[in-house]
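A short worksheet on the structure shown next.
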Amino acid sequence: MAITYDLVKEVTANLYDWSLRRIPETSKSALRDAVETETVPHARKTLAFMLDSAETAERTGRFLCSDAGVPSYAVKIGSGVRMQGDIRQAIVDGFEHLVQTIQPPILRFVTHPLTNERSYRGKDMPLVSYDLLGDVDYMDITCAPKALGGGRWAAIETLVSPSLDEIERCILEMVMRAGGQHCPPVVIGVGIGGTFDHAAKLSKDATLRPFGEHNPDPMVADMEERLTRAVNQTGFGPMGVGGSTTTFGVHVEYASGHGFTPVAVSFNCWINRRTRAKIHNSGVVERIE
Amino acid sequence: MSTFDLPRLKLPLTPAAARALKLGDLFLLDGEAVATVGMPTQKRMVSEVAAGREMPTPMRGGAFFHMGVSYDEVDGRPGRLHYVNPTTSSRFSGLMPALIRELGLTSVGGKGGLSHESADAMREVGCVYFSFVGGASALLSEGVEEVVDSAWNDLIMQFRLNRVRLGGFGPVTVAIDAHGNSIYERLMTSAQARLPEILQGLRAPTSPVDEKH
C-alpha cells in the first residue's frame with residue numbers, strides 16, 4: 001500500500017474546506033473560559049457572540065469569515081511512508097478543484113505580490129512546508145489558511161547575544177505594534193534562535209499548537225505563562241475595542257543558533273483556522289482536528 | 001449573546017444623530033450601506049471625488065463599510081446573498097479623510113479602526129466608526145437582508161461598491177465617535193503608558209544567561 005496522489009488531493013482539499021467552517025475544539029474551550037474570566041462587560045458580550053457565531057457556523061456549515069485566506073499547509077512525512085504519484089501536484093490540484101466546487105463560493109484572495117492582481121491560483125500556491133518525521137508510516141498534514149489576522153502582523157527582529165529580558169521586551173514591542181488589529185483574542189507564536197528562516201518557521205509552527213499544551217522545557221513554559229499574562233495586561237481586548245482577553249496563549253519555540261538571535265512573532269486571529277489529519281500507508285485517513 | 005434587546009439604529013444617520021452616539025455604545029443596524037474591501041476601489045473613489053464626479057451608486061451622507069460581500073450574480077445583477085464579514089479598516093486610513101469629507105459620510109465601519117486624521121474628518125462632518133466582530137460571519141450575515149445593487153462591476157466581487165440592506169445587523173460598537181474620540185487611540189495610549197510596568201512584571205525570576213560565556 002502507498003499514499004496516493006488521489007488521496008492527498010482529496011484530503012488536503014477537505015482539510016481546507018473544513019477549516020473554513022469550524023474553529024478548533026481548544027479555541028472553543030478558550031472562548032468559553034474567557035466569557036467567565038473577562039473583566040470588561042462589553043468584551044464578555046463580544047466573546048459570547050464569537051462563540052455563538054462559531055457554533056452556528058459549525059452547526060450549519062456556514063463560513064466563519066468571508067475571507068477564506070490563502071491555503072497554507074504543513075506536511076510532515078514519516079520516513080516509512082511510501083508515496084505514489086506527484087504529491088506536491090496533488091495539493092495544487094486539490095485546491096484548484098475545491099475553488100471550482102465549494103459552496104458557498106469563496107472569493108478571490110490569491111494575490112500577485114507585484115501587480116496586486118487577484119485570482120484563485122498563483123505562484124507557489126498553496127503555500128506548503130515539508131518536514132520529515134521519524135520512522136513512522138504516515139503523513140501528518142495541517143491546513144491553516146492565512147488572511148490578514150493570521151499573517152499581516154507577523155514580524156521578525158534579529159538581536160545579538162540578547163538577555164532573556166531583552167528577548168521578551170522585543171516580543172512585547174511586536175505585540176504593541178499589532179495592537180488589536182488582528183481580530184483578538186489571538187494565538188501568538190514565538191520562534192527564537194536558529195536563523196532568520198528557521199525562527200520564522202518555528203514561530204508559525206508555534207501558532208499551530210493547541211491551547212493548553214505548553215512547551216516541555218519548564219523555563220520556556222514559564223516564559224509562555226508570563227508572556228500570556230503580560231499581553232493580556234495591554235488591554236486591547238476582543239476585536240481591539242478593550243478588555244483583558246487579547247491572547248488565549250503565547251506559544252514559544254526555540255532553536256540553538258550562533259549568538260545572533262532572530263526573534264519571530266506571528267499571530268492568528270480568534271477563529272484560529274486549523275485542521276489536521278494523518279494519512280497512513282494503508283490508506284486510512286485519521287482526522288485529528 | 002442575545003442581541004435582540006440592543007437598541008436599533010436606522011442608516012443613513014443624520015450628522016446630528018451621529019453626534020449623539022457615545023463611544024462604546026452597542027447597536028443593531030437597519031437601513032442601507034455601501035460595502036467594499038477594495039483598495040483599488042477606494043483609490044478610484046478618491047480620484048472620482050477629486051475630479052468632481054459623483055459615485056456610481058448614491059453615497060452622499062450615507063454609510064460606507066469595509067466589509068466583504070459574497071453573492072450569486074444573476075444577469076450581471078446581485079442575486080442571493082452568501083455571506084458578509086468586515087475587513088481591517090486601518091489600511092485604508094490614508095484614503096478615508098478625503099472620502100469622509102467629500103462624500104459627507106455619516107457612518108463608516110469595519111474592524112481595526114481608522115487613523116487620527118480620519119477621526120478629525122469624522123468630527124468635522126458628523127460621522128461615527130462602527131466596529132464589527134471579525135470572524136463572526138455566520139451570525140453577522142443574518143443581519144443582511146439583501147444585496148440591493150453593485151457598482152464598478154469591472155472589479156472582483158468583494159472590491160465592488162456593494163449596496164446592502166440591513167435588518168438587525170450587528171452587534172456593532174461605536175469605536176470612534178463624532179467628537180474625535182477613538183477607543184483605538186485610547187487603548188494604544190493606555191497600553192504604551194502601562195508598558196514599563198508590564199515589562200517590569202514580565203521579568204524572569206532569575207536570569208538564566210551566564211554572563212561569563
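Each chain in the C-alpha cells gets a letter, A, B and so on, in the order shown; residues start at 1 in every chain, and ligands are counted from 1 in the order they appear.
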
Extract, using only C-alpha atoms, all DNA, RNA and protein residues at most 9 Å from Glu10 of chain A, discarding same-chain residues fewer than 5 positions from it, and format them as an NGL selection string.
-> :A and (5 or 15 or 90-91 or 94)

Please dump the current selection as a tab-separated table (two decimals), in the first residue's frame; keep N, CA and C atoms.
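Ended up saving to result17.tsv:
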chain	number	residue	atom	x	y	z
A	5	TYR	N	-1.58	9.96	-4.94
A	5	TYR	CA	-1.92	11.30	-5.44
A	5	TYR	C	-3.39	11.61	-5.15
A	15	LEU	N	-9.41	19.30	4.06
A	15	LEU	CA	-8.89	20.00	5.25
A	15	LEU	C	-9.14	21.50	5.13
A	90	ALA	N	-0.57	17.08	-6.18
A	90	ALA	CA	-1.88	16.68	-5.65
A	90	ALA	C	-2.48	17.81	-4.81
A	91	ILE	N	-1.62	18.52	-4.05
A	91	ILE	CA	-2.11	19.60	-3.19
A	91	ILE	C	-2.56	20.79	-4.05
A	94	GLY	N	-5.78	19.70	-5.74
A	94	GLY	CA	-6.87	19.62	-4.77
A	94	GLY	C	-7.47	21.00	-4.52

Chain A contacts to chain B at 8 Å (only C-alpha atoms) as a PDB file with C-alpha atoms, in the first residue's frame:
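What ended up in result08.pdb:
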ATOM      1  CA  LYS A  45     -20.566  40.100  25.226  1.00  0.00           C
ATOM      2  CA  THR A  46     -18.225  40.106  22.227  1.00  0.00           C
ATOM      3  CA  ALA A  48     -20.071  35.226  23.793  1.00  0.00           C
ATOM      4  CA  PHE A  49     -21.098  36.450  20.331  1.00  0.00           C
ATOM      5  CA  MET A  50     -17.911  34.953  18.852  1.00  0.00           C
ATOM      6  CA  ASP A  52     -22.246  31.666  19.329  1.00  0.00           C
ATOM      7  CA  SER A  53     -21.214  32.518  15.770  1.00  0.00           C
ATOM      8  CA  ALA A  54     -18.541  29.782  15.674  1.00  0.00           C
ATOM      9  CA  THR A  56     -23.583  28.403  14.361  1.00  0.00           C
ATOM     10  CA  ALA A  57     -21.004  28.050  11.572  1.00  0.00           C
ATOM     11  CA  ARG A  62     -21.555  28.355   7.040  1.00  0.00           C
ATOM     12  CA  PHE A  63     -18.187  30.058   6.760  1.00  0.00           C
ATOM     13  CA  LEU A  64     -16.571  31.598   9.847  1.00  0.00           C
ATOM     14  CA  CYS A  65     -15.194  34.511   7.851  1.00  0.00           C
ATOM     15  CA  SER A  66     -15.791  35.984   4.411  1.00  0.00           C
ATOM     16  CA  ASP A  67     -12.032  35.969   3.926  1.00  0.00           C
ATOM     17  CA  PRO A 104     -20.862  28.780  -0.911  1.00  0.00           C
ATOM     18  CA  PRO A 105     -18.171  30.033  -3.309  1.00  0.00           C
ATOM     19  CA  ILE A 106     -15.003  31.552  -1.863  1.00  0.00           C
ATOM     20  CA  LEU A 107     -13.838  34.960  -3.025  1.00  0.00           C
ATOM     21  CA  ARG A 108     -10.534  35.587  -4.815  1.00  0.00           C
ATOM     22  CA  LEU A 148      -4.833  39.465   7.390  1.00  0.00           C
ATOM     23  CA  SER A 163      19.354  38.513  27.567  1.00  0.00           C
ATOM     24  CA  LEU A 164      16.028  36.829  28.235  1.00  0.00           C
ATOM     25  CA  ASP A 165      14.658  40.211  29.339  1.00  0.00           C
ATOM     26  CA  GLU A 168      10.825  39.326  25.993  1.00  0.00           C
ATOM     27  CA  ARG A 169      10.840  43.098  25.548  1.00  0.00           C
ATOM     28  CA  MET A 176       2.272  46.546  20.722  1.00  0.00           C
ATOM     29  CA  GLY A 179      -2.260  46.389  18.819  1.00  0.00           C
ATOM     30  CA  GLY A 180      -5.732  44.970  18.499  1.00  0.00           C
ATOM     31  CA  GLN A 181      -5.909  44.809  14.716  1.00  0.00           C
ATOM     32  CA  HIS A 182      -5.559  41.058  14.188  1.00  0.00           C
ATOM     33  CA  CYS A 183      -9.023  40.047  15.435  1.00  0.00           C
ATOM     34  CA  MET A 223       8.105  32.255  29.681  1.00  0.00           C
ATOM     35  CA  ARG A 226       4.484  35.231  31.851  1.00  0.00           C
ATOM     36  CA  LEU A 227       4.158  36.499  28.274  1.00  0.00           C
ATOM     37  CA  ALA A 230       1.772  40.433  30.005  1.00  0.00           C
ATOM     38  CA  GLN A 233      -2.347  43.416  30.562  1.00  0.00           C
ATOM     39  CA  THR A 234      -2.144  45.601  27.441  1.00  0.00           C
ATOM     40  CA  GLY A 235      -5.940  45.889  27.482  1.00  0.00           C
ATOM     41  CA  PHE A 236      -6.550  45.719  23.709  1.00  0.00           C
ATOM     42  CA  MET A 239     -11.586  42.887  18.475  1.00  0.00           C
ATOM     43  CA  GLY A 240      -9.224  45.529  19.879  1.00  0.00           C
ATOM     44  CA  VAL A 241     -12.019  47.529  21.493  1.00  0.00           C
ATOM     45  CA  GLY A 242     -10.926  46.919  25.088  1.00  0.00           C
ATOM     46  CA  TRP A 270      -9.552  34.229  17.163  1.00  0.00           C
ATOM     47  CA  ILE A 271     -11.109  31.773  14.695  1.00  0.00           C
TER      48      ILE A 271
END

May I ask for the distance between atom CA of Glu32 of chain B and atom CA of Pro78 of chain B, given in Å to one decimal place?
->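 Atom-to-atom, atom CA of Glu32 of chain B and atom CA of Pro78 of chain B are spaced 15.0 Å apart.
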
Name all residues at most 8 Å from Leu11 of chain B (count only C-alpha atoms; drop same-chain ones fewer than 6 positions away) and give them as a VMD selection string.
-> chain B and resid 29 to 33 62 to 63

Run DSSP on the backbone of this structure and report the residues of segment 93-193 of chain B it assigns to strand (DSSP E), as JSON, numbers by chain.
-> {"B": [107, 108, 109, 110, 128, 129, 130, 131, 144, 145, 146, 147, 148, 149, 150, 151, 161, 162, 163, 164, 165, 166, 167, 168, 169, 170, 171, 172, 173, 174, 175, 176]}

Can you pull out every residue within 10 Å of segment 69-75 of chain A, counting only C-alpha atoms, but drop anything in the same chain fewer than 4 positions away, and send it as a PyMOL selection string?
-> chain A and resi 12-13+15-16+20+65+91-92+95+106-111+120-121+125-133+139-151+204-205+208+273-278

Got a sec to tell me which of segment 32-278 of chain A DSSP assigns to alpha helix (DSSP H), as a ChimeraX atom specification?
-> /A:32-37,41-60,87-101,148-151,164-178,196-207,218-232

Tell me which of B:Leu9, B:Ile176, B:Ala151, B:Glu48 sits closest to Met122 of chain B, counting only C-alpha atoms.
-> B:Ile176

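The gap separating atom CA of Asp149 of chain B from atom CA of Arg21 of chain A is 27.6 Å, in Å to one decimal.
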
To one decimal in Å, tell me the separation between atom CA of Leu31 of chain A and atom CA of Phe248 of chain A.
->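 One can read the atom CA of Leu31 of chain A to atom CA of Phe248 of chain A distance as 8.3 Å.
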